[in-house]
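What's in query_13.txt: compact mmCIF, C-alpha atoms
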# COMPACT_ATOMS: atom_id res chain seq x y z
CA MET A 24 114.35 119.21 73.61
CA GLU A 25 114.14 119.19 69.82
CA LYS A 26 112.37 116.17 68.34
CA ALA A 27 112.83 114.16 65.17
CA VAL A 28 109.57 112.93 63.64
CA LEU A 29 109.93 109.36 62.37
CA ASN A 30 108.20 107.99 59.28
CA ASN A 31 105.32 106.59 61.33
CA GLY A 32 104.68 109.88 63.13
CA ILE A 33 106.44 108.91 66.37
CA GLU A 34 108.59 111.67 67.90
CA MET A 35 112.15 110.82 68.92
CA PRO A 36 114.46 113.18 70.86
CA ILE A 37 117.20 114.41 68.54
CA LEU A 38 119.76 114.10 71.33
CA GLY A 39 120.10 111.06 73.55
CA PHE A 40 122.50 109.15 75.75
CA GLY A 41 124.40 106.04 74.63
CA VAL A 42 125.85 103.33 76.85
CA TYR A 43 128.19 101.46 74.50
CA GLN A 44 131.32 100.25 76.33
CA ILE A 45 129.97 101.06 79.79
CA SER A 46 130.50 97.48 80.89
CA ASP A 47 130.54 98.08 84.64
CA VAL A 48 126.87 97.73 85.58
CA ASN A 49 127.07 100.08 88.56
CA GLU A 50 128.77 102.74 86.47
CA CYS A 51 126.20 102.25 83.72
CA GLU A 52 123.27 102.61 86.11
CA ARG A 53 124.78 105.74 87.66
CA SER A 54 125.56 107.31 84.29
CA VAL A 55 122.07 106.68 82.88
CA PHE A 56 120.53 108.04 86.08
CA ASP A 57 122.71 111.16 85.80
CA ALA A 58 121.71 111.56 82.14
CA ILE A 59 118.00 111.37 82.90
CA GLN A 60 118.42 113.84 85.75
CA ALA A 61 120.23 116.17 83.32
CA GLY A 62 117.24 116.08 80.96
CA TYR A 63 117.99 113.31 78.48
CA ARG A 64 114.92 111.34 77.48
CA LEU A 65 116.41 109.08 74.78
CA ILE A 66 118.52 106.19 76.13
CA ASP A 67 120.25 103.86 73.66
CA THR A 68 121.50 100.41 74.64
CA ALA A 69 121.83 96.96 73.02
CA ALA A 70 121.74 93.32 73.99
CA ALA A 71 125.39 93.05 72.95
CA TYR A 72 126.38 95.80 75.40
CA VAL A 73 125.32 93.50 78.26
CA ASN A 74 124.01 96.42 80.30
CA GLU A 75 120.27 96.47 79.58
CA GLU A 76 119.46 95.50 83.17
CA ALA A 77 121.49 98.44 84.49
CA VAL A 78 119.65 100.78 82.12
CA GLY A 79 116.32 99.47 83.34
CA LYS A 80 117.30 99.99 86.97
CA ALA A 81 118.37 103.57 86.28
CA VAL A 82 115.10 104.30 84.49
CA LYS A 83 113.10 102.96 87.40
CA ARG A 84 115.19 104.85 89.96
CA SER A 85 114.86 108.12 88.04
CA GLY A 86 111.16 108.40 88.80
CA VAL A 87 110.49 109.79 85.31
CA PRO A 88 107.29 108.28 83.87
CA ARG A 89 108.04 105.59 81.30
CA GLU A 90 105.94 107.32 78.64
CA GLU A 91 108.23 110.38 78.83
CA LEU A 92 111.28 108.30 77.90
CA PHE A 93 112.39 106.91 74.55
CA ILE A 94 114.21 103.59 75.06
CA THR A 95 116.16 101.87 72.28
CA THR A 96 117.83 98.48 72.26
CA LYS A 97 119.17 96.20 69.54
CA LEU A 98 119.15 92.65 68.23
CA TRP A 99 122.58 91.02 67.85
CA VAL A 100 123.58 88.78 64.92
CA GLN A 101 123.41 85.53 66.94
CA ASP A 102 119.65 86.08 67.30
CA ALA A 103 119.01 87.36 63.77
CA SER A 104 116.20 85.04 62.65
CA TYR A 105 112.42 85.01 62.93
CA GLU A 106 112.22 82.86 66.05
CA GLY A 107 115.50 84.20 67.42
CA ALA A 108 114.31 87.79 67.23
CA LYS A 109 111.03 87.00 69.00
CA ALA A 110 112.88 85.34 71.88
CA ALA A 111 115.67 87.95 72.05
CA PHE A 112 113.18 90.81 72.09
CA GLN A 113 111.38 89.34 75.09
CA LYS A 114 114.67 88.78 76.91
CA SER A 115 115.64 92.42 76.32
CA LEU A 116 112.27 93.58 77.65
CA ASP A 117 112.70 91.40 80.73
CA ARG A 118 116.20 92.72 81.41
CA LEU A 119 115.00 96.29 80.99
CA GLY A 120 111.98 95.63 83.18
CA MET A 121 109.63 97.13 80.60
CA ASP A 122 106.58 96.02 78.67
CA TYR A 123 107.31 97.85 75.41
CA LEU A 124 110.16 99.49 73.51
CA ASP A 125 110.18 102.80 71.71
CA LEU A 126 112.70 101.62 69.12
CA TYR A 127 114.15 98.18 68.32
CA LEU A 128 117.04 97.93 65.87
CA ILE A 129 118.79 95.16 63.97
CA HIS A 130 122.35 95.73 65.16
CA GLN A 131 124.28 94.47 62.12
CA PRO A 132 123.36 93.61 58.50
CA PHE A 133 124.36 89.96 58.91
CA GLY A 134 122.63 86.67 59.65
CA ASP A 135 118.97 86.10 58.81
CA TYR A 136 118.00 89.71 59.29
CA TYR A 137 115.08 89.29 56.87
CA GLY A 138 113.55 86.73 59.21
CA ALA A 139 114.27 89.03 62.12
CA TRP A 140 112.61 91.94 60.32
CA ARG A 141 109.42 89.92 59.78
CA ALA A 142 109.34 89.17 63.51
CA MET A 143 109.89 92.84 64.31
CA GLU A 144 107.08 93.85 61.94
CA GLU A 145 104.77 91.54 63.89
CA LEU A 146 105.92 92.92 67.25
CA TYR A 147 105.35 96.42 65.93
CA ALA A 148 101.83 95.51 64.72
CA ALA A 149 101.11 94.03 68.17
CA GLY A 150 102.07 97.32 69.84
CA LYS A 151 105.15 95.95 71.60
CA ILE A 152 107.46 98.34 69.74
CA LYS A 153 106.66 101.92 68.70
CA ALA A 154 109.19 101.95 65.85
CA ILE A 155 111.61 99.52 64.23
CA GLY A 156 114.85 100.15 62.41
CA VAL A 157 118.38 99.03 61.63
CA CYS A 158 122.03 99.81 62.36
CA ASN A 159 125.06 99.82 60.09
CA PHE A 160 123.09 99.26 56.88
CA TYR A 161 124.94 100.68 53.89
CA PRO A 162 122.77 102.04 51.05
CA ASP A 163 122.58 98.80 49.03
CA ARG A 164 121.36 96.67 51.92
CA LEU A 165 119.04 99.37 53.21
CA VAL A 166 117.30 99.82 49.85
CA ASP A 167 117.03 96.04 49.36
CA LEU A 168 115.41 95.65 52.80
CA ILE A 169 112.97 98.48 52.06
CA LEU A 170 111.94 97.09 48.67
CA HIS A 171 111.17 93.59 49.91
CA ASN A 172 109.35 94.20 53.18
CA LYS A 173 106.15 95.85 54.39
CA ILE A 174 107.61 98.39 56.81
CA VAL A 175 110.31 100.91 55.95
CA PRO A 176 112.88 101.20 58.76
CA ALA A 177 112.23 104.29 60.87
CA VAL A 178 115.92 104.71 61.72
CA ASN A 179 119.32 103.67 60.42
CA GLN A 180 121.96 104.12 63.12
CA ILE A 181 125.35 104.44 61.44
CA GLU A 182 128.84 105.75 62.17
CA THR A 183 128.53 109.50 61.61
CA HIS A 184 130.95 112.18 62.76
CA VAL A 185 132.98 115.08 61.35
CA PHE A 186 135.51 112.75 59.72
CA PHE A 187 132.84 110.45 58.19
CA GLN A 188 129.91 112.75 57.53
CA ARG A 189 127.62 110.43 55.51
CA THR A 190 125.97 113.26 53.58
CA LYS A 191 125.16 111.12 50.52
CA ASP A 192 123.80 108.38 52.75
CA GLN A 193 121.59 110.93 54.48
CA VAL A 194 120.20 112.13 51.13
CA LEU A 195 119.27 108.55 50.25
CA MET A 196 117.70 107.93 53.66
CA ASP A 197 115.69 111.13 53.37
CA GLU A 198 114.41 109.90 50.00
CA TYR A 199 113.00 106.77 51.65
CA GLY A 200 111.92 108.44 54.90
CA VAL A 201 114.56 106.79 57.10
CA ARG A 202 115.98 108.90 59.94
CA ILE A 203 119.77 108.92 60.22
CA GLU A 204 121.15 108.40 63.74
CA SER A 205 124.81 108.79 64.64
CA TRP A 206 126.76 106.27 66.64
CA GLY A 207 130.23 107.36 67.64
CA PRO A 208 129.58 111.10 67.25
CA PHE A 209 132.96 111.77 68.90
CA ALA A 210 134.73 108.93 67.01
CA GLU A 211 136.19 107.90 70.38
CA GLY A 212 138.48 110.93 70.05
CA ARG A 213 140.30 109.50 67.03
CA ASN A 214 142.26 111.79 64.69
CA ASP A 215 142.82 113.99 67.74
CA MET A 216 139.26 115.24 67.27
CA PHE A 217 139.05 117.38 70.39
CA ARG A 218 142.16 119.36 69.45
CA ASN A 219 141.34 119.76 65.78
CA PRO A 220 142.15 123.42 64.94
CA THR A 221 138.97 123.94 62.90
CA LEU A 222 136.72 122.61 65.65
CA VAL A 223 138.64 124.43 68.39
CA SER A 224 138.25 127.71 66.49
CA ILE A 225 134.51 127.25 66.01
CA ALA A 226 134.11 126.29 69.67
CA ALA A 227 135.94 129.44 70.79
CA LYS A 228 133.78 131.56 68.50
CA HIS A 229 130.61 130.32 70.20
CA ASN A 230 132.11 130.00 73.70
CA LYS A 231 131.33 126.29 73.64
CA SER A 232 133.32 123.05 73.86
CA VAL A 233 134.39 121.07 70.81
CA ALA A 234 132.01 118.30 71.93
CA GLN A 235 129.12 120.75 71.99
CA VAL A 236 130.00 122.01 68.50
CA ILE A 237 130.05 118.45 67.14
CA LEU A 238 126.68 117.60 68.65
CA ARG A 239 125.14 120.86 67.44
CA TRP A 240 126.49 120.22 63.94
CA LEU A 241 124.82 116.80 63.91
CA THR A 242 121.49 117.91 65.31
CA GLN A 243 121.30 120.91 62.96
CA ARG A 244 121.58 118.39 60.12
CA GLY A 245 118.64 116.47 61.56
CA VAL A 246 120.91 113.65 62.70
CA VAL A 247 119.95 112.02 65.99
CA ALA A 248 123.04 111.84 68.22
CA ILE A 249 123.69 109.58 71.23
CA PRO A 250 126.94 110.69 72.92
CA LYS A 251 128.32 108.63 75.80
CA SER A 252 130.15 109.71 78.92
CA VAL A 253 130.56 108.38 82.45
CA HIS A 254 131.46 111.84 83.79
CA LYS A 255 128.49 113.76 85.17
CA GLU A 256 129.85 117.17 84.20
CA ARG A 257 130.35 116.07 80.59
CA ILE A 258 126.93 114.42 80.48
CA ILE A 259 125.44 117.77 81.48
CA GLU A 260 127.68 119.74 79.10
CA ASN A 261 126.77 117.54 76.13
CA PHE A 262 123.09 118.25 76.76
CA ARG A 263 123.52 122.03 76.62
CA ILE A 264 123.67 122.51 72.86
CA PHE A 265 120.36 124.12 71.98
CA ASP A 266 121.22 127.69 72.96
CA PHE A 267 123.43 128.41 69.94
CA GLN A 268 123.43 127.91 66.18
CA LEU A 269 126.26 127.15 63.80
CA ASP A 270 126.34 129.53 60.84
CA ALA A 271 127.04 128.77 57.19
CA ALA A 272 130.77 129.47 57.57
CA ASP A 273 130.98 127.01 60.48
CA VAL A 274 129.17 124.32 58.52
CA GLU A 275 131.39 124.87 55.47
CA ALA A 276 134.53 124.62 57.60
CA ILE A 277 133.35 121.38 59.20
CA ALA A 278 132.47 119.95 55.76
CA SER A 279 136.15 120.25 54.81
CA LEU A 280 137.06 117.72 57.53
CA ASP A 281 135.19 114.83 55.87
CA MET A 282 137.50 111.91 55.03
CA ASN A 283 134.54 109.90 53.69
CA LYS A 284 135.64 106.64 55.27
CA SER A 285 135.12 104.75 58.50
CA LEU A 286 137.53 105.20 61.36
CA PHE A 287 136.44 101.86 62.81
CA LEU A 288 135.54 99.06 60.38
CA ASP A 289 134.44 98.32 56.83
CA HIS A 290 131.24 96.29 56.61
CA TYR A 291 132.11 95.34 53.02
CA ASP A 292 135.30 93.58 54.20
CA PRO A 293 134.74 89.77 54.28
CA GLU A 294 136.91 89.44 57.38
CA ILE A 295 134.79 92.03 59.20
CA ALA A 296 131.65 90.20 58.08
CA LYS A 297 133.09 86.96 59.41
CA TRP A 298 134.08 88.56 62.71
CA LEU A 299 130.71 90.20 63.29
CA GLY A 300 128.82 87.14 62.10
CA THR A 301 130.59 84.79 64.48
CA THR A 302 130.97 87.02 67.57
CA LYS A 303 128.62 85.82 70.30
CA PHE A 304 127.72 87.41 73.62
CA GLU A 305 126.43 85.95 76.86
CA ILE A 306 123.07 87.68 76.68

Any chance you could put this one into structure tokens?
Amino acid sequence: MEKAVLNNGIEMPILGFGVYQISDVNECERSVFDAIQAGYRLIDTAAAYVNEEAVGKAVKRSGVPREELFITTKLWVQDASYEGAKAAFQKSLDRLGMDYLDLYLIHQPFGDYYGAWRAMEELYAAGKIKAIGVCNFYPDRLVDLILHNKIVPAVNQIETHVFFQRTKDQVLMDEYGVRIESWGPFAEGRNDMFRNPTLVSIAAKHNKSVAQVILRWLTQRGVVAIPKSVHKERIIENFRIFDFQLDAADVEAIASLDMNKSLFLDHYDPEIAKWLGTTKFEI
């Protein structure tokens, strides 16, 4: 497995397994177990996904030593404050059945995330978290957070796929030493992604699936990817991407697909900010 080295020297697998929208706890546990058996060592969950407990059970059942795994979870907006983050972090640990996290992320750039960041800096200093970072931070908010706090985020997990490639954002993150991580690498199949003629042609050229081409394109860029599937055969297929390389012509062709806009939501939209800022979960 290729590794991404974070700004504090911690190594993070460049390919992991995500569990967003796997709401059935039995299905989640089975899928995570299948992923670990297939070789995945990075598992990404969140308090707002309401499946941390299932992830923890799968990890325990896998028999893989905890230190060989890289576990990520996230802090939702309703807990984004100094005291809220401290309490939410402990609840996530308890649900996961673990005594430390490899990566803890602020899930959205709303609420008192500055207070939350101070709490996370303290948890990091205490050795409860190996790395801390953020999700969905656009360049302005990311730079502001960096300039006014002690610790630079190790990771910024953002929507990144062939239709929203985030190349300028990645340049900025590289400048500050922040690792880009893709959520939604398959864009939930939007824009008929899996039948896109350019991607189908590249996949045929390498005797690979379109999904494998997408994941290889991301990881070759140094982008950490966390694809999700509940189908064992696809979980295994998505992991088998390190035996081929995209060439310059492939990369150029994929670059032409960039629409440079989200296929999901605009964090600058006041209505989106209101929706995310007021959405609460039973966690």

Show me as a list in words the residues that reach within 12 Å of (122.7, 124.1, 74.7), counting only C-alpha atoms and using the file's own coordinates.
Met24, Glu25, Leu38, Ala61, Gly62, His229, Asn230, Lys231, Ser232, Ala234, Gln235, Val236, Ile237, Leu238, Arg239, Thr242, Ile259, Glu260, Asn261, Phe262, Arg263, Ile264, Phe265, Asp266, Phe267, Gln268 and Leu269 of chain A

Best match for closeness to Lys297 (chain A) among A:Val100, A:Leu119, A:Ile155, A:Val201, counting only C-alpha atoms:
A:Val100

The residue from A:Ala27, A:Ala103, A:Ala278, A:Val87 with the smallest atom-to-atom distance to Thr301 (chain A), counting all atoms listed in the file, is A:Ala103

Nearby residues (all atoms listed in the file) at most 9 Å from Leu146 (chain A), same-chain spacing under 5 positions excluded, as a list in words
Lys109, Phe112, Arg141, Lys151 and Ile152 of chain A

Just want the 9 Å neighbourhood of Ile33 (chain A), counted on only C-alpha atoms, with same-chain residues fewer than 5 positions away dropped. Output as JSON, numbers by chain.
{"A": [27, 28, 125, 153, 154]}

Please report the interatomic distance between CA of Gly200 (chain A) and CA of Ala177 (chain A) in Å with one decimal.
7.3 Å

Tell me which protein, DNA and RNA residues are within 7 Å of region 186-191 of chain A, counting only C-alpha atoms, leaving out same-chain ones fewer than 5 positions away, and put them as a compact mmCIF listing (two decimals) with C-alpha atoms, keeping the file's coordinate frame.
# COMPACT_ATOMS: atom_id res chain seq x y z
CA LEU A 280 137.06 117.72 57.53
CA ASP A 281 135.19 114.83 55.87
CA MET A 282 137.50 111.91 55.03
CA ASN A 283 134.54 109.90 53.69
CA LYS A 284 135.64 106.64 55.27
CA SER A 285 135.12 104.75 58.50

Report the distance between CA of Leu124 (chain A) and CA of Phe287 (chain A) in Å, rounded to one decimal place.
28.5 Å

Can you work out which one of A:Val274, A:Gln193, A:Tyr137, A:Ile129 has the shortest atom-to-atom distance to Leu170 (chain A), counting only C-alpha atoms?
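Counting only C-alpha atoms, the residue closest to Leu170 (chain A) is A:Tyr137.
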
Give me the residues near Gln44 (chain A) as a PDB file with C-alpha atoms, in the frame of the given file, where near means some atom within 12 Å (using all atoms listed in the file) and where sequence neighbours in that chain fewer than 3 positions away do not count.
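For reference, result38.pdb as written:
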ATOM      1  CA  GLY A  41     124.400 106.040  74.630  1.00  0.00           C
ATOM      2  CA  ASP A  47     130.540  98.080  84.640  1.00  0.00           C
ATOM      3  CA  VAL A  48     126.870  97.730  85.580  1.00  0.00           C
ATOM      4  CA  GLU A  50     128.770 102.740  86.470  1.00  0.00           C
ATOM      5  CA  CYS A  51     126.200 102.250  83.720  1.00  0.00           C
ATOM      6  CA  ASP A  67     120.250 103.860  73.660  1.00  0.00           C
ATOM      7  CA  THR A  68     121.500 100.410  74.640  1.00  0.00           C
ATOM      8  CA  ALA A  69     121.830  96.960  73.020  1.00  0.00           C
ATOM      9  CA  ALA A  71     125.390  93.050  72.950  1.00  0.00           C
ATOM     10  CA  TYR A  72     126.380  95.800  75.400  1.00  0.00           C
ATOM     11  CA  VAL A  73     125.320  93.500  78.260  1.00  0.00           C
ATOM     12  CA  ASN A  74     124.010  96.420  80.300  1.00  0.00           C
ATOM     13  CA  GLY A 207     130.230 107.360  67.640  1.00  0.00           C
ATOM     14  CA  GLU A 211     136.190 107.900  70.380  1.00  0.00           C
ATOM     15  CA  PRO A 250     126.940 110.690  72.920  1.00  0.00           C
ATOM     16  CA  LYS A 251     128.320 108.630  75.800  1.00  0.00           C
ATOM     17  CA  SER A 252     130.150 109.710  78.920  1.00  0.00           C
ATOM     18  CA  VAL A 253     130.560 108.380  82.450  1.00  0.00           C
TER      19      VAL A 253
END

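Taking CA of Gly300 (chain A) and CA of Tyr123 (chain A) as the two end points, the separation is 27.5 Å.
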